[in-house]
Each structure stands twice: as structure tokens, then as C-alpha cells.
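Below: coords09.pdb (PDB, C-alpha atoms)
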```pdb
ATOM      1  CA  MET A 862      90.053 126.607 126.274
ATOM      2  CA  ILE A 863      86.927 124.627 125.488
ATOM      3  CA  ARG A 864      85.984 124.011 121.889
ATOM      4  CA  SER A 865      82.660 122.549 120.934
ATOM      5  CA  PHE A 866      82.141 119.771 118.438
ATOM      6  CA  THR A 867      79.097 118.894 116.385
ATOM      7  CA  GLY A 868      79.754 115.198 115.888
ATOM      8  CA  SER A 869      82.073 112.385 116.788
ATOM      9  CA  MET A 870      82.906 108.864 115.740
ATOM     10  CA  ARG A 871      85.190 106.162 116.981
ATOM     11  CA  TYR A 872      88.459 105.894 115.122
ATOM     12  CA  GLN A 873      90.474 102.731 114.649
ATOM     13  CA  THR A 874      94.132 102.290 115.456
ATOM     14  CA  GLU A 875      96.722 100.044 113.879
ATOM     15  CA  VAL A 876      94.361  98.242 111.555
ATOM     16  CA  TYR A 877      95.375  96.676 108.298
ATOM     17  CA  GLN A 878      93.880  97.479 104.957
ATOM     18  CA  GLY A 879      95.309  94.692 102.868
ATOM     19  CA  PRO A 880      99.066  94.949 103.401
ATOM     20  CA  HIS A 881      98.894  98.525 104.666
ATOM     21  CA  ARG A 882      98.978  99.283 108.370
ATOM     22  CA  LEU A 883      96.852 102.321 109.202
ATOM     23  CA  LEU A 884      97.946 103.968 112.446
ATOM     24  CA  VAL A 885      94.768 106.019 112.721
ATOM     25  CA  ALA A 886      91.818 105.263 110.470
ATOM     26  CA  VAL A 887      88.403 106.847 110.117
ATOM     27  CA  GLU A 888      85.383 105.836 108.073
ATOM     28  CA  VAL A 889      84.056 108.223 105.466
ATOM     29  CA  LEU A 890      81.211 108.041 102.967
ATOM     30  CA  ILE A 891      82.739 109.283  99.734
ATOM     31  CA  GLY A 892      80.576 110.879  97.051
ATOM     32  CA  ASP A 893      77.767 108.635  95.861
ATOM     33  CA  SER A 894      79.331 105.448  97.161
ATOM     34  CA  SER A 895      76.912 103.007  98.756
ATOM     35  CA  ALA A 896      79.468 101.995 101.406
ATOM     36  CA  ALA A 897      81.782 103.774 103.798
ATOM     37  CA  SER A 898      85.521 103.523 103.150
ATOM     38  CA  THR A 899      88.339 103.318 105.672
ATOM     39  CA  LEU A 900      90.797 106.194 105.275
ATOM     40  CA  LEU A 901      94.214 106.701 106.803
ATOM     41  CA  LEU A 902      94.113 109.939 108.813
ATOM     42  CA  ASP A 903      97.369 111.650 107.873
ATOM     43  CA  THR A 904      97.896 115.301 108.735
ATOM     44  CA  GLY A 905     101.299 115.039 107.011
ATOM     45  CA  SER A 906      99.801 114.240 103.635
ATOM     46  CA  GLU A 907      99.424 117.273 101.419
ATOM     47  CA  TRP A 908      96.230 116.010  99.748
ATOM     48  CA  CYS A 909      93.586 113.440 100.296
ATOM     49  CA  VAL A 910      94.545 110.558  98.031
ATOM     50  CA  LEU A 911      92.072 108.102  96.545
ATOM     51  CA  PRO A 912      92.648 105.045  94.402
ATOM     52  CA  GLU A 913      90.782 105.195  91.105
ATOM     53  CA  HIS A 914      88.288 102.487  92.018
ATOM     54  CA  ILE A 915      87.057 104.412  95.051
ATOM     55  CA  ALA A 916      86.713 107.667  93.102
ATOM     56  CA  GLY A 917      84.918 105.799  90.316
ATOM     57  CA  GLU A 918      82.534 104.155  92.752
ATOM     58  CA  ALA A 919      81.922 107.565  94.307
ATOM     59  CA  GLY A 920      80.826 108.891  90.901
ATOM     60  CA  TYR A 921      84.076 110.564  89.869
ATOM     61  CA  PRO A 922      85.688 108.454  87.145
ATOM     62  CA  GLY A 923      88.411 110.067  85.082
ATOM     63  CA  GLU A 924      91.872 109.943  83.647
ATOM     64  CA  ILE A 925      95.320 111.313  84.423
ATOM     65  CA  ASN A 926      95.494 115.082  84.020
ATOM     66  CA  PRO A 927      98.934 116.015  82.661
ATOM     67  CA  ARG A 928      98.405 119.497  84.083
ATOM     68  CA  ILE A 929      98.665 118.128  87.617
ATOM     69  CA  PRO A 930     102.198 117.419  88.892
ATOM     70  CA  PRO A 931     102.767 113.855  90.042
ATOM     71  CA  LEU A 932     102.797 112.938  93.699
ATOM     72  CA  HIS A 933     106.123 111.929  95.098
ATOM     73  CA  SER A 934     105.437 109.190  97.591
ATOM     74  CA  ARG A 935     107.146 106.206  99.166
ATOM     75  CA  PHE A 936     105.670 104.275  96.255
ATOM     76  CA  GLY A 937     107.484 106.551  93.789
ATOM     77  CA  LEU A 938     106.032 109.091  91.391
ATOM     78  CA  ILE A 939     102.263 108.773  91.058
ATOM     79  CA  TYR A 940     100.394 110.432  88.197
ATOM     80  CA  GLY A 941      96.752 111.324  88.529
ATOM     81  CA  ARG A 942      94.288 114.163  88.683
ATOM     82  CA  ILE A 943      92.579 116.387  91.223
ATOM     83  CA  GLU A 944      88.866 116.118  91.962
ATOM     84  CA  ARG A 945      86.532 117.744  94.431
ATOM     85  CA  ILE A 946      84.518 115.004  96.093
ATOM     86  CA  PRO A 947      81.988 115.213  98.950
ATOM     87  CA  PHE A 948      83.129 113.463 102.125
ATOM     88  CA  ARG A 949      80.450 112.667 104.687
ATOM     89  CA  PHE A 950      81.569 111.985 108.241
ATOM     90  CA  VAL A 951      78.828 109.815 109.700
ATOM     91  CA  ALA A 952      78.701 110.513 113.413
ATOM     92  CA  ASP A 953      78.203 107.980 116.180
ATOM     93  CA  VAL A 954      77.195 110.937 118.330
ATOM     94  CA  GLY A 955      75.828 114.280 117.170
ATOM     95  CA  ALA A 956      75.432 115.545 113.633
ATOM     96  CA  GLU A 957      76.997 114.488 110.364
ATOM     97  CA  LEU A 958      79.531 116.710 108.647
ATOM     98  CA  VAL A 959      79.952 117.133 104.893
ATOM     99  CA  LEU A 960      82.902 118.710 103.174
ATOM    100  CA  GLU A 961      83.835 118.748  99.481
ATOM    101  CA  ALA A 962      87.406 117.558  99.745
ATOM    102  CA  THR A 963      90.088 118.214  97.153
ATOM    103  CA  CYS A 964      91.472 114.781  96.339
ATOM    104  CA  PHE A 965      94.377 113.502  94.309
ATOM    105  CA  VAL A 966      92.977 110.500  92.428
ATOM    106  CA  SER A 967      95.134 107.940  90.712
ATOM    107  CA  GLU A 968      94.855 104.509  89.202
ATOM    108  CA  GLU A 969      98.541 104.119  90.042
ATOM    109  CA  TRP A 970      98.078 104.664  93.774
ATOM    110  CA  PRO A 971      98.784 101.335  95.506
ATOM    111  CA  GLY A 972      98.279 102.603  99.049
ATOM    112  CA  PRO A 973      95.182 103.052 101.182
ATOM    113  CA  PRO A 974      92.823 105.987 100.767
ATOM    114  CA  VAL A 975      94.244 108.964 102.664
ATOM    115  CA  LEU A 976      92.486 111.750 104.542
ATOM    116  CA  GLY A 977      95.002 114.558 104.063
ATOM    117  CA  TRP A 978      95.482 118.159 104.954
ATOM    118  CA  LYS A 979      94.973 120.550 102.046
ATOM    119  CA  GLY A 980      91.401 120.932 100.935
ATOM    120  CA  CYS A 981      90.126 118.749 103.754
ATOM    121  CA  LEU A 982      91.467 118.603 107.316
ATOM    122  CA  GLU A 983      92.663 122.210 107.112
ATOM    123  CA  ARG A 984      89.049 123.243 106.625
ATOM    124  CA  MET A 985      87.404 121.495 109.564
ATOM    125  CA  ARG A 986      87.856 121.530 113.309
ATOM    126  CA  PHE A 987      88.860 118.142 114.617
ATOM    127  CA  ALA A 988      90.410 116.463 117.622
ATOM    128  CA  LEU A 989      91.449 112.978 118.624
ATOM    129  CA  ASP A 990      90.957 111.622 122.128
ATOM    130  CA  PRO A 991      93.074 108.494 122.583
ATOM    131  CA  ALA A 992      91.374 107.840 125.927
ATOM    132  CA  ASP A 993      88.352 106.447 124.129
ATOM    133  CA  GLU A 994      89.612 106.528 120.521
ATOM    134  CA  THR A 995      87.150 109.194 119.492
ATOM    135  CA  PHE A 996      87.451 111.518 116.503
ATOM    136  CA  TYR A 997      85.618 114.787 117.174
ATOM    137  CA  PHE A 998      84.686 117.116 114.340
ATOM    138  CA  ALA A 999      82.921 120.388 113.592
ATOM    139  CA  PRO A1000      82.857 123.088 110.931
ATOM    140  CA  LEU A1001      85.371 125.899 111.301
TER     141      LEU A1001
ATOM    142  CA  MET B1336     102.401 108.517 104.737
ATOM    143  CA  PRO B1337     103.369 112.038 103.640
ATOM    144  CA  VAL B1338     102.571 112.761 100.053
ATOM    145  CA  LEU B1339     104.503 115.404  98.195
ATOM    146  CA  LEU B1340     104.204 116.945  94.814
ATOM    147  CA  GLU B1341     107.206 116.946  92.542
ATOM    148  CA  ALA B1342     107.838 119.420  89.750
ATOM    149  CA  PRO B1343     107.169 117.923  86.327
ATOM    150  CA  PRO B1344     109.512 118.598  83.431
ATOM    151  CA  THR B1345     108.551 121.874  81.826
ATOM    152  CA  SER B1346     109.842 123.969  79.014
ATOM    153  CA  HIS B1347     108.442 127.021  80.688
ATOM    154  CA  ALA B1348     111.100 129.018  82.516
ATOM    155  CA  PRO B1349     109.817 130.130  85.919
ATOM    156  CA  ASP B1350     111.231 133.623  85.562
ATOM    157  CA  ASP B1351     109.288 134.619  82.490
ATOM    158  CA  ARG B1352     105.980 134.317  84.353
ATOM    159  CA  GLY B1353     107.041 136.763  86.997
ATOM    160  CA  ALA B1354     106.298 136.224  90.670
ATOM    161  CA  ASP B1355     103.134 134.471  91.696
ATOM    162  CA  ILE B1356     100.353 136.545  93.140
ATOM    163  CA  SER B1357     100.719 134.994  96.570
ATOM    164  CA  ALA B1358     103.932 137.010  96.877
ATOM    165  CA  GLU B1359     101.752 140.121  96.858
ATOM    166  CA  THR B1360     103.187 141.311  93.577
ATOM    167  CA  GLN B1361     101.382 142.124  90.378
ATOM    168  CA  PRO B1362     100.133 139.006  88.603
ATOM    169  CA  PRO B1363     101.792 138.246  85.296
ATOM    170  CA  ALA B1364     100.117 139.975  82.390
ATOM    171  CA  PRO B1365      97.761 137.718  80.436
ATOM    172  CA  VAL B1366      99.569 135.969  77.596
ATOM    173  CA  SER B1367      97.596 132.856  76.843
ATOM    174  CA  ALA B1368      95.489 130.417  78.812
ATOM    175  CA  GLU B1369      98.105 127.757  78.114
ATOM    176  CA  ALA B1370     100.911 129.851  79.632
ATOM    177  CA  ASP B1371      98.769 130.798  82.589
ATOM    178  CA  LEU B1372      97.844 127.173  83.217
ATOM    179  CA  ALA B1373     101.517 126.225  83.015
ATOM    180  CA  HIS B1374     102.165 128.712  85.798
ATOM    181  CA  LEU B1375      99.429 127.051  87.842
ATOM    182  CA  THR B1376     101.213 123.719  87.389
ATOM    183  CA  GLU B1377     104.420 125.332  88.619
ATOM    184  CA  LEU B1378     102.738 126.636  91.745
ATOM    185  CA  LEU B1379     101.327 123.187  92.510
ATOM    186  CA  ALA B1380     104.707 121.579  91.909
ATOM    187  CA  ASP B1381     106.239 124.110  94.323
ATOM    188  CA  HIS B1382     103.651 123.108  96.963
ATOM    189  CA  ASP B1383     102.339 126.660  96.935
ATOM    190  CA  ILE B1384      98.736 125.577  97.255
ATOM    191  CA  ASP B1385      97.499 128.924  98.539
ATOM    192  CA  GLY B1386      99.264 130.593  95.622
ATOM    193  CA  ALA B1387      97.702 128.091  93.215
ATOM    194  CA  ARG B1388      94.270 128.782  94.658
ATOM    195  CA  ALA B1389      94.696 132.530  94.271
ATOM    196  CA  TRP B1390      96.134 132.136  90.784
ATOM    197  CA  SER B1391      93.283 129.862  89.720
ATOM    198  CA  GLN B1392      90.826 132.580  90.709
ATOM    199  CA  GLU B1393      92.800 135.063  88.639
ATOM    200  CA  LEU B1394      92.669 132.626  85.721
ATOM    201  CA  LEU B1395      88.927 132.374  86.174
ATOM    202  CA  ARG B1396      88.731 136.144  85.733
ATOM    203  CA  ARG B1397      90.988 136.060  82.687
ATOM    204  CA  TRP B1398      89.674 132.959  80.956
ATOM    205  CA  PRO B1399      86.106 132.397  82.160
ATOM    206  CA  GLU B1400      85.191 130.356  79.075
ATOM    207  CA  ASN B1401      88.100 127.942  79.412
ATOM    208  CA  THR B1402      86.744 124.650  80.768
ATOM    209  CA  GLU B1403      90.134 123.531  82.088
ATOM    210  CA  VAL B1404      90.453 126.776  84.017
ATOM    211  CA  THR B1405      86.967 126.533  85.470
ATOM    212  CA  HIS B1406      87.523 122.913  86.491
ATOM    213  CA  LEU B1407      90.852 123.582  88.202
ATOM    214  CA  ALA B1408      89.548 126.694  89.959
ATOM    215  CA  TYR B1409      86.622 124.625  91.222
ATOM    216  CA  VAL B1410      88.633 121.663  92.494
ATOM    217  CA  LEU B1411      91.280 123.847  94.161
ATOM    218  CA  ALA B1412      88.908 126.201  95.948
ATOM    219  CA  PRO B1413      89.004 125.708  99.732
ATOM    220  CA  PRO B1414      85.952 123.738 100.824
ATOM    221  CA  VAL B1415      83.503 124.711 103.528
ATOM    222  CA  ALA B1416      82.562 122.046 106.047
ATOM    223  CA  ARG B1417      78.902 122.089 107.001
ATOM    224  CA  VAL B1418      76.698 120.254 109.403
ATOM    225  CA  VAL B1419      73.948 118.358 107.622
ATOM    226  CA  PRO B1420      70.785 116.612 108.793
ATOM    227  CA  ARG B1421      71.460 113.061 109.842
ATOM    228  CA  LYS B1422      70.927 110.645 106.975
ATOM    229  CA  TYR B1423      71.598 107.451 108.890
ATOM    230  CA  PRO B1424      70.847 106.266 112.415
ATOM    231  CA  PRO B1425      73.801 106.687 114.784
ATOM    232  CA  ARG B1426      75.765 103.485 115.063
ATOM    233  CA  ARG B1427      79.305 102.549 115.986
ATOM    234  CA  ARG B1428      81.059 100.073 113.772
ATOM    235  CA  ASP B1429      82.415  97.960 116.597
ATOM    236  CA  LEU B1430      80.835  94.802 115.196
ATOM    237  CA  GLU B1431      82.453  95.278 111.783
ATOM    238  CA  TRP B1432      85.881  95.769 113.355
ATOM    239  CA  GLU B1433      85.418  92.777 115.630
ATOM    240  CA  TRP B1434      84.531  90.723 112.552
ATOM    241  CA  LEU B1435      87.663  91.979 110.762
ATOM    242  CA  LYS B1436      89.832  91.088 113.749
ATOM    243  CA  GLU B1437      88.455  87.596 113.812
ATOM    244  CA  HIS B1438      87.994  86.833 110.131
ATOM    245  CA  GLY B1439      90.059  89.447 108.270
ATOM    246  CA  PRO B1440      93.087  87.202 107.760
ATOM    247  CA  GLU B1441      90.864  84.509 106.211
ATOM    248  CA  TYR B1442      89.816  87.022 103.558
ATOM    249  CA  ALA B1443      93.170  88.794 103.214
ATOM    250  CA  GLY B1444      93.474  90.430  99.821
ATOM    251  CA  LEU B1445      89.721  90.451  99.195
ATOM    252  CA  TRP B1446      87.464  93.474  99.390
ATOM    253  CA  VAL B1447      84.802  92.702 101.947
ATOM    254  CA  VAL B1448      81.539  94.552 102.502
ATOM    255  CA  LEU B1449      80.267  94.309 106.054
ATOM    256  CA  TYR B1450      77.211  95.434 107.930
ATOM    257  CA  GLU B1451      77.492  94.834 111.667
ATOM    258  CA  ASP B1452      78.786  91.274 111.967
ATOM    259  CA  ARG B1453      77.411  90.189 108.587
ATOM    260  CA  LEU B1454      79.605  89.628 105.559
ATOM    261  CA  LEU B1455      77.554  90.919 102.621
ATOM    262  CA  ALA B1456      80.108  90.242  99.896
ATOM    263  CA  ALA B1457      83.773  89.477  99.277
ATOM    264  CA  ASP B1458      85.604  89.781  95.984
ATOM    265  CA  PRO B1459      89.042  90.740  94.653
ATOM    266  CA  ASP B1460      87.267  93.467  92.674
ATOM    267  CA  PRO B1461      85.770  96.144  94.981
ATOM    268  CA  ALA B1462      83.177  97.129  92.369
ATOM    269  CA  LYS B1463      81.910  93.537  92.183
ATOM    270  CA  ALA B1464      81.844  93.267  95.968
ATOM    271  CA  LEU B1465      79.793  96.439  96.228
ATOM    272  CA  ALA B1466      77.424  95.361  93.439
ATOM    273  CA  GLU B1467      76.802  92.091  95.264
ATOM    274  CA  ALA B1468      76.318  93.874  98.587
ATOM    275  CA  ARG B1469      73.792  96.314  97.126
ATOM    276  CA  LYS B1470      71.417  93.405  96.616
ATOM    277  CA  ILE B1471      71.115  93.080 100.387
ATOM    278  CA  PRO B1472      69.144  95.904 102.010
ATOM    279  CA  CYS B1473      70.743  97.525 105.056
ATOM    280  CA  PRO B1474      69.419 100.335 107.276
ATOM    281  CA  GLY B1475      72.684 102.246 106.822
ATOM    282  CA  PRO B1476      75.808 102.231 104.702
ATOM    283  CA  PRO B1477      77.952  99.112 105.065
ATOM    284  CA  LEU B1478      81.738  99.222 105.362
ATOM    285  CA  LEU B1479      83.972  98.481 102.371
ATOM    286  CA  HIS B1480      87.397  97.291 103.441
ATOM    287  CA  LEU B1481      90.354  95.465 101.937
ATOM    288  CA  ALA B1482      90.773  92.606 104.370
ATOM    289  CA  GLY B1483      94.130  91.852 105.854
ATOM    290  CA  PRO B1484      95.743  90.991 109.137
ATOM    291  CA  VAL B1485      94.362  93.105 111.978
ATOM    292  CA  ARG B1486      96.221  93.786 115.192
ATOM    293  CA  LYS B1487      94.897  91.830 118.137
ATOM    294  CA  LYS B1488      94.365  94.101 121.136
TER     295      LYS B1488
END
```

Reformat the file's structure so that it appears as C-alpha cells.
Amino acid sequence: MIRSFTGSMRYQTEVYQGPHRLLVAVEVLIGDSSAASTLLLDTGSEWCVLPEHIAGEAGYPGEINPRIPPLHSRFGLIYGRIERIPFRFVADVGAELVLEATCFVSEEWPGPPVLGWKGCLERMRFALDPADETFYFAPL
Amino acid sequence: MPVLLEAPPTSHAPDDRGADISAETQPPAPVSAEADLAHLTELLADHDIDGARAWSQELLRRWPENTEVTHLAYVLAPPVARVVPRKYPPRRRDLEWEWLKEHGPEYAGLWVVLYEDRLLAADPDPAKALAEARKIPCPGPPLLHLAGPVRKK
């Protein structure tokens, strides 16, 4: 089976973001941010998760929404809110891909930004090739 | 780093809302926007995201004037990925990652803004680092990263 892709970028492996070791990391332009951020690619994470400062810089400041259940993470219970924020995958090869990702945003989140499943990875075609550490992507 | 949702304390008994609409049963009869939103919280806490999405659309039909309903229906709706015209020239970030390998530990704990092998700014506050970096024109977006030890290959 051959699937086509519309763009690709190199991913990083086992890099540190502060104290956090990211097994697989990709760079994403988030919202209106002037710089790309490094996100942990985690298909096991229910949501994309962003620290407040990244969401704020992207143009999505806000406060905890008590309507949204807290995340249960290895850092404990994390309270926050859900936002829909454009993610732009800037390709090394091919075309760029934009997707409005559903993100859990929290000032309490001490971890790295996370590229998660629901409202993001589930809605795009992607593949990883460890041979040359390339992240391939395309619309569904 | 799996992230899970946990049910918040609620005074709302699950049974009195009836089954959620993802179970292909009749949706609960409208009572109040507050009760309906509480049911949405329950679905999210149960990790029934598809059910929450469907329920949020039902809430939109029931309570179209409710701003909380419209916001939640909007943020929960499944996105559509689309190819867009290239905004920036194609470029791999090898130079940034080489710089981080070599110099990251020296700046551990600081947010650094890099373009190729140039350090544009470094600050404990990412907003200040970005503000400083914006003063330096670049042909494409730089990389914002919290410096730390990087594995040597």
C-alpha cells in the first residue's frame, strides 16, 4: 500500500526541553506566535497540551474553565481549559499543513508542549521514518 | 506522556441525564443549559470525546444563544487539516539543533530563540525572549526552545 504525503519535516529524537526528555519532537508554528515551538509527539496523549505562556503568545490567553475536567497526568491533576488553536506544520519538503487543533491549555502544566491525539493527530495522515528521522504529513 | 481526564466532583447523578447520544439512544430531554453542560462535562470526564462532540452539537441546537455552549461546540469539533500555500522558504532546522547540542547546557533553564546557528535572545521568561528576538529580522520563523541538556549522538 502506498500512501502519498503533501509535506515532510525532520523530527528530533531524544532531545531535552529543559528537564524534559522528548523521545520524538516536532516543530510547530502555533497560532500567531512569531516562533516555532518544539512539541512532544505523543500518540498516547488524549489531547494536545500547551502551557499557558505558549497559548498566550499564540494569541489565546485565558483562564481555567471549571466546566472542563482536570487532566490526570504524571504531574498530578492539572486544571485548565480547552482551546482551538491553529497549528502550522512548516515543511522542509512539499507543502505546509494547517489544522485547528483542540488543545488543553493550563498555567499549571509543568511539562513540554504535547502534540496529542484527539482533535489533532487523529485528523491528519502522518508517518515517521526512523531511517532518516522524517515526519511525513498530509490531510486525511 | 499519556494524559488522561479525571472526573471532577459533581452533584449531578449520571443516571438522571439518561444515556448519552453516542450510545444511539434518545438524547436527554432539554432541562436547562446548565444541566446539559454538566452532562457534557461528564462525557469529557469519561473520555467519551466522540460522545462529547455529538452532545455539544445537540446543545448548539438546543441553546444556540448560550455563549458557553457555542464556545465548547467550536473547540470540540473535529478539525480539518488542509494544505496551505507555503508561507516560508523550505529549510531544515539542523543548524538550530546543532547549536542546542553544543550550547544548550550552557543556557539550561533559559528560553532561547534561535535562527540557524544564531542566538537571537535568551531569557527565563519566554515572552521576553520572543520580544527581544522580534527586534531581529529573520526570513522565517525562529525556534523557541527551553534549553537543557541534549543527547550527544

Have a look at atom CA of A:His914 and atom CA of B:Asp1460 and let me know their distance in Å, one decimal.
9.1 Å

Name every residue that the PyMOL selection byres ((chain B and resi 1453) around 10) selects in this structure, writing the answer as a short mmCIF file (atom, residue, chain, number, x, y, z; two decimals) with C-alpha atoms, keeping the file's coordinate frame with chains first and numbers rising.
```
data_model
loop_
_atom_site.label_atom_id
_atom_site.label_comp_id
_atom_site.auth_asym_id
_atom_site.auth_seq_id
_atom_site.Cartn_x
_atom_site.Cartn_y
_atom_site.Cartn_z
CA LEU B 1430 80.83 94.80 115.20
CA GLU B 1431 82.45 95.28 111.78
CA TRP B 1434 84.53 90.72 112.55
CA VAL B 1448 81.54 94.55 102.50
CA LEU B 1449 80.27 94.31 106.05
CA TYR B 1450 77.21 95.43 107.93
CA GLU B 1451 77.49 94.83 111.67
CA ASP B 1452 78.79 91.27 111.97
CA LEU B 1454 79.60 89.63 105.56
CA LEU B 1455 77.55 90.92 102.62
CA ALA B 1456 80.11 90.24 99.90
CA PRO B 1477 77.95 99.11 105.06
#
```

In Å, with one decimal, what is the gap from atom CA of A:Trp908 to atom CA of B:Ala1466?
28.6 Å

Given the PyMOL selection byres ((chain A) within 7 of (chain B)), the residues it picks as JSON, numbers by chain:
{"A": [871, 875, 876, 877, 878, 879, 880, 895, 896, 897, 898, 899, 903, 905, 906, 907, 928, 929, 930, 931, 932, 933, 934, 943, 944, 945, 952, 953, 954, 956, 957, 958, 959, 960, 961, 962, 963, 980, 984, 985, 1000]}

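Considering the residues A:Pro991, A:Leu976, A:Leu1001, A:Leu884 and counting only C-alpha atoms, A:Phe950 has its shortest atom-to-atom contact with A:Leu976.
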
Quick one: everything within 12 Å of A:Glu924, counting all atoms listed in the file, minus sequence neighbours fewer than 4 positions away in the same chain. Send it as a compact mmCIF listing (two decimals) with C-alpha atoms, in the coordinates of the input.
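Saved to result_31.txt:
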```txt
# COMPACT_ATOMS: atom_id res chain seq x y z
CA PRO A 912 92.65 105.04 94.40
CA GLU A 913 90.78 105.20 91.10
CA HIS A 914 88.29 102.49 92.02
CA ALA A 916 86.71 107.67 93.10
CA GLY A 917 84.92 105.80 90.32
CA ARG A 928 98.40 119.50 84.08
CA ILE A 929 98.66 118.13 87.62
CA TYR A 940 100.39 110.43 88.20
CA GLY A 941 96.75 111.32 88.53
CA ARG A 942 94.29 114.16 88.68
CA ILE A 943 92.58 116.39 91.22
CA GLU A 944 88.87 116.12 91.96
CA PHE A 965 94.38 113.50 94.31
CA VAL A 966 92.98 110.50 92.43
CA SER A 967 95.13 107.94 90.71
CA GLU A 968 94.86 104.51 89.20
CA GLU A 969 98.54 104.12 90.04
```

So what do you get for atom CA of A:Pro927 versus atom CA of B:Ala1368, distance-wise?
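Result for atom CA of A:Pro927 versus atom CA of B:Ala1368: 15.3 Å, one decimal.
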
So for stretch 972-981 of chain A, what box centre and size do we get, axis-aligned, 6 Å extra on each of the six sides, every listed atom, Å to one decimal, as AutoDock Vina command-line options?
```
--center_x 94.2 --center_y 111.8 --center_z 102.0 --size_x 20.2 --size_y 30.3 --size_z 17.9
```

For B:Pro1365, which of B:Glu1467, B:Glu1441, B:Glu1393, B:Asp1458 is the closest residue, counting all atoms listed in the file?
B:Glu1393

Quick one: apply the PyMOL selection byres ((chain A and resi 865) around 9) to the file and drop the selected residues here as a ChimeraX atom specification.
/A:863-864,866-867,998-999

Atoms to include: C-alpha atoms. Write the selected residues as an mmCIF file, in the coordinates of the input.
```
data_model
loop_
_atom_site.group_PDB
_atom_site.id
_atom_site.type_symbol
_atom_site.label_atom_id
_atom_site.label_comp_id
_atom_site.auth_asym_id
_atom_site.auth_seq_id
_atom_site.Cartn_x
_atom_site.Cartn_y
_atom_site.Cartn_z
ATOM 1 C CA ILE A 863 86.927 124.627 125.488
ATOM 2 C CA ARG A 864 85.984 124.011 121.889
ATOM 3 C CA PHE A 866 82.141 119.771 118.438
ATOM 4 C CA THR A 867 79.097 118.894 116.385
ATOM 5 C CA PHE A 998 84.686 117.116 114.340
ATOM 6 C CA ALA A 999 82.921 120.388 113.592
#
```
